[in-house]
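Engineer: My structure is below; once you've seen it, I'll send some questions.
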Amino acid sequence: MTDSGGMVRRRRARVAISRLTVTIVLANLIALVILLLGSFALTQYRDGLVQAKLEGVRAQAQIIADVLAQVAIDESSCQPVEEADIIAQGEETTLCSLALSQRDVREVFNRVWDSFEGRVRIFNAPQTFDDPPVADANILLIEDVVLREDEIVAQNLPPIEEGAAPALLRDGDVWQILTDIFARDYREAAARRTIESELNAALASSPFAGERGATSVRINEEGELVASVSVPIRRVQAIYGLVTAEIGGIDELVEEARLAILPFFGLAVAAGILSSLMLTTTIAQPIRQLAIAADRVREGIAAAGRVRIPDFTTRKDEIGELSGSLKLMTQAIYERIDAIESFAADVSHELKNPLTSIRSAAETLSIAKTPEQQEKLLAVIQKDVARMDRLITDISNASRLDAELARESRDAVDLSKLVNDIVTMYGDIAKEGAAHIVFHEPLQEVYVLGNPSALGQVIRNLIDNALSFSPPGGEVRVRLEAPTGRTPIARIEVEDDGPGIPPDNLEALFQRFYTKRPKGSDFGNNSGLGLAISRQIINSHGGRIYVENRAGPAAGADAPTGARFVVELPAD
């Protein structure tokens with residue numbers, strides 16, 4: 001992203017709506033939308049409502065059937081059965097069908113039924129032996145009445161234009177479409193049921209059943225969903241007719257239940273929006289601030305400036321962790337920038353010294369008068385060139401050390417074998433009269449998790465440094481201590497018998513290009529990067545390296561009798 005891109009992000013942060021905000025709002029509202037859509041189905045509520053309606057209608061139909069069985073049966077009438085049916089049954093005697101007295105039926109329904117409500121139809125028993133017995137209910141229909149509760153309600157009607165249903169709730173709108181979609185299967189199944197099938201089921205029902213007759217949920221002639229019950233009118237075992245009672249209002253009650261949910265849905269939507277805004281304030285806004293700060297860090301690096309990351313670490317959540325991580329990352333970036341700048345300055349300074357010496361020697365060479373002077377100047381040039389070569393090699397190694405340590409994998413390293421192999425190598429190449437190396441091995445194997453080549457470089461650097469400070473014929477002691485239960489740390493010590501280190505320089509010794517050497521050491525053989533590289537490697541392994549002076553009674557006082565370098569590594 002360019003600098004202009006970062007500026008665009010900051011400008012948009014003041015006016016644009018965060019995508020995370022939109023996501024939070026939608027995530028909170030989607031469950032409420034599902035709840036609203038589910039209210040159109042109301043399957044359990046509808047089924048319970050239908051069952052309650054059927055129970056009420058059944059009781060009403062059974063009462064009417066019992067009353068008609070007592071007062072509306074015409075036992076003296078005998079309507080002859082069709083001759084074709086007699087022949088089909090193989091009967092030779094005259095048969096009479098059982099029938100109800102239409103006059104008595106009408107007399108019953110001329111009374112007031114205060115407790116009954118709904119539509120009631122009375123049918124004669126079928127006159128044929130066809131299968132099914134009832135093919136057309138209208139042929140058997142005696143009476144069709146609508147009963148209402150004895151209650152008068154007075155209500156002032158609003159003007160037509162004011163009393164119209166809201167636009168959202170009118171027929172054909174979204175509300176009605178959703179209602180039709182969710183109730184389609186149920187209404188289609190109800191539309192396939194007929195009054196004839198219900199009457200035939202009632203005729204076939206057992207008179208000894210606890211719930212007489214047959215029930216169904218049908219669509220009536222007006223397209224209304226009704227709960228219907230048909231009960232045979234019996235005297236003894238003979239069926240004289242059937243009573244069908246049905247009641248509607250199911251759609252209206254379900255609609256009222258849906259409308260009753262709307263206020264709660266509105267409150268839920270308001271609560272969802274408020275919670276979304278709260279989440280936006282506590283999540284989206286801090287994340288946006290961190291993103292803007294990260295852009296400013298990038299721009300600040302390009303402009304050599306410093307930017308503070310917003311501090312949310314007081315929050316004990318993921319946002320606080322992200323803020324802390326970004327602060328640490330930014331701090332590490334700035335430290336790396338400072339280290340690179342410092343390293344570049346040190347490199348420039350260290351390379352300038354031999355270059356200056358070479359330039360001076362080269363200018364003097366042309367005016368040297370004697371061969372001895374010329375050879376001396378050439379020797380200076382050769383030493384400075386060797387020093388520059390050593391500097392460039394060590395600088396190159398140090399510059400790519402971080403990347404190599406990050407890329408290389410860590411394995412279990414046997415320190416006992418690693419140190420022993422290095423000490424053996426130094427013994428094989430040791431010159432006559434030089435200090436010799438003694439390795440004090442532990443009684444057990446010591447393993448650490450690390451990079452064997454990098455750890456080997458640290459041990460070689462420490463041994464080289466000890467050899468350079470040791471007197472001829474002296475001794476360099478290398479010790480390896482195994483970790484214990486109390487201190488799970490592997491410890492490597494490298495001691496020499498040199499002059500020791502000034503107390504003020506114990507820490508400066510690990511700085512880059514520290515080149516304070518003992519008298520008599522070869523000029524240009526040390527770049528001052530070996531110990532700095534060693535500390536860098538040990539730090540990357542989670543350990544530490546330091547140096548201390550050895551003091552003993554041989555000196556007659558507290559004067560140092562040599563230096564001791566200590567490396568501590570966490571054991572595997």
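Labeling convention for the structure tokens: chains A, B, ... as they appear, residues from 1 per chain, ligands from 1 in order of appearance.
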Give me the residues near A:Arg544 as a count of residues only, where near means some atom within 12 Å (using only C-alpha atoms) and where sequence neighbours in that chain fewer than 3 positions away do not count.
Structural biologist: 21
Engineer: Write out as an MDAnalysis selection string all residues of stretch 175-228 of chain A that DSSP puts in helix (DSSP H, G or I) for this structure's backbone.
Structural biologist: chainID A and resid 175:191 195:203
Engineer: List as a tab-separated table every residue of stretch 197-302 of chain A that is in contact with stretch 45-54 of chain A, defined as an atom at most 9 Å from one of its atoms (using only C-alpha atoms), together with the nearest atom pair and the distance in Å rounded to one decimal, sorted by chain and then rising number.
Structural biologist:
```
residue	atom	partner	partner_atom	distance
A:Thr215	CA	A:Leu54	CA	7.2
A:Ser216	CA	A:Leu54	CA	8.3
A:Val217	CA	A:Val50	CA	7.9
A:Val226	CA	A:Val50	CA	8.6
A:Ala227	CA	A:Leu54	CA	5.8
A:Ser228	CA	A:Leu54	CA	6.7
A:Val229	CA	A:Leu54	CA	6.9
A:Glu246	CA	A:Leu54	CA	8.3
A:Ile247	CA	A:Lys53	CA	7.4
A:Gly248	CA	A:Lys53	CA	8.7
A:Ile250	CA	A:Val50	CA	7.2
A:Asp251	CA	A:Arg46	CA	8.9
A:Leu253	CA	A:Leu49	CA	8.5
A:Val254	CA	A:Arg46	CA	6.7
A:Ala257	CA	A:Tyr45	CA	8.8
```
Engineer: Let me make sure I understand: among A:Gly562, A:Val145, A:Ile24, A:Arg187, which one has the smallest atom-to-atom distance to A:Thr281 if we use only C-alpha atoms?
Structural biologist: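 Closest residue, counting only C-alpha atoms: A:Ile24.
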Engineer: Would you mind listing what lies within 7 Å of stretch 191-199 of chain A as a VMD selection string, with only C-alpha atoms counted and same-chain residues fewer than 5 positions away left out?
Structural biologist: chain A and resid 134 to 137 214 to 216 218 to 219 230
Engineer: How about saving the chosen residues, C-alpha atoms kept, as a PDB file, in the first residue's frame?
Structural biologist:
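Result went into part.pdb, see below:
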```pdb
ATOM      1  CA  VAL A 134     -71.854 -40.997   0.527  1.00  0.00           C
ATOM      2  CA  ALA A 135     -70.907 -39.732  -2.903  1.00  0.00           C
ATOM      3  CA  ASP A 136     -72.677 -36.355  -2.733  1.00  0.00           C
ATOM      4  CA  ALA A 137     -73.405 -34.833   0.666  1.00  0.00           C
ATOM      5  CA  ALA A 214     -64.564 -38.613  12.399  1.00  0.00           C
ATOM      6  CA  THR A 215     -62.591 -35.369  12.342  1.00  0.00           C
ATOM      7  CA  SER A 216     -60.828 -33.391   9.637  1.00  0.00           C
ATOM      8  CA  ARG A 218     -60.864 -28.802   5.559  1.00  0.00           C
ATOM      9  CA  ILE A 219     -61.302 -25.785   3.339  1.00  0.00           C
ATOM     10  CA  SER A 230     -69.003 -35.617  11.931  1.00  0.00           C
TER      11      SER A 230
END
```
Engineer: I need the residue nearest A:Ala571 from this list: A:Ala412, A:Ala65, A:Leu140, A:Leu467. Use only C-alpha atoms for the distance.
Structural biologist: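 Under the stated criterion, the closest residue is A:Ala412.
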Engineer: Env of A:Ala270: 12 Å cut, atoms = only C-alpha atoms, seq-sep filter 5 positions within chain, self excluded. Answer as a list in words.
Structural biologist: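 The filter keeps Val25, Asn28, Leu29, Leu32, Pro263, Phe264, Phe265, Ser275, Ser276 and Leu277 of chain A.
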Engineer: Show me, as a list of chain:residue names, the residues that have an atom within 6 Å of stretch 470-484 of chain A when counting only C-alpha atoms, minus same-chain residues fewer than 5 positions from it.
Structural biologist: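 My reading of the contact set: A:Gly433, A:Ala434, A:Ala435, A:His436, A:Ile437, A:Val438, A:Phe439, A:His440, A:Glu441, A:Pro442, A:Val446, A:Ile489, A:Ala490, A:Arg491, A:Ile492, A:Glu493, A:Val494, A:Glu495, A:Asp496, A:Asp497, A:Gly498.
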Engineer: Report the distance between atom CA of A:Gly450 and atom CA of A:Ile463 in Å, rounded to one decimal place.
Structural biologist: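 Atom CA of A:Gly450 sits 19.8 Å away from atom CA of A:Ile463.
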Engineer: Just how far from atom CA of A:Ala291 is atom CA of A:Ile319, in Å to one decimal?
Structural biologist: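 We find that atom CA of A:Ile319 and atom CA of A:Ala291 lie 12.1 Å from each other.
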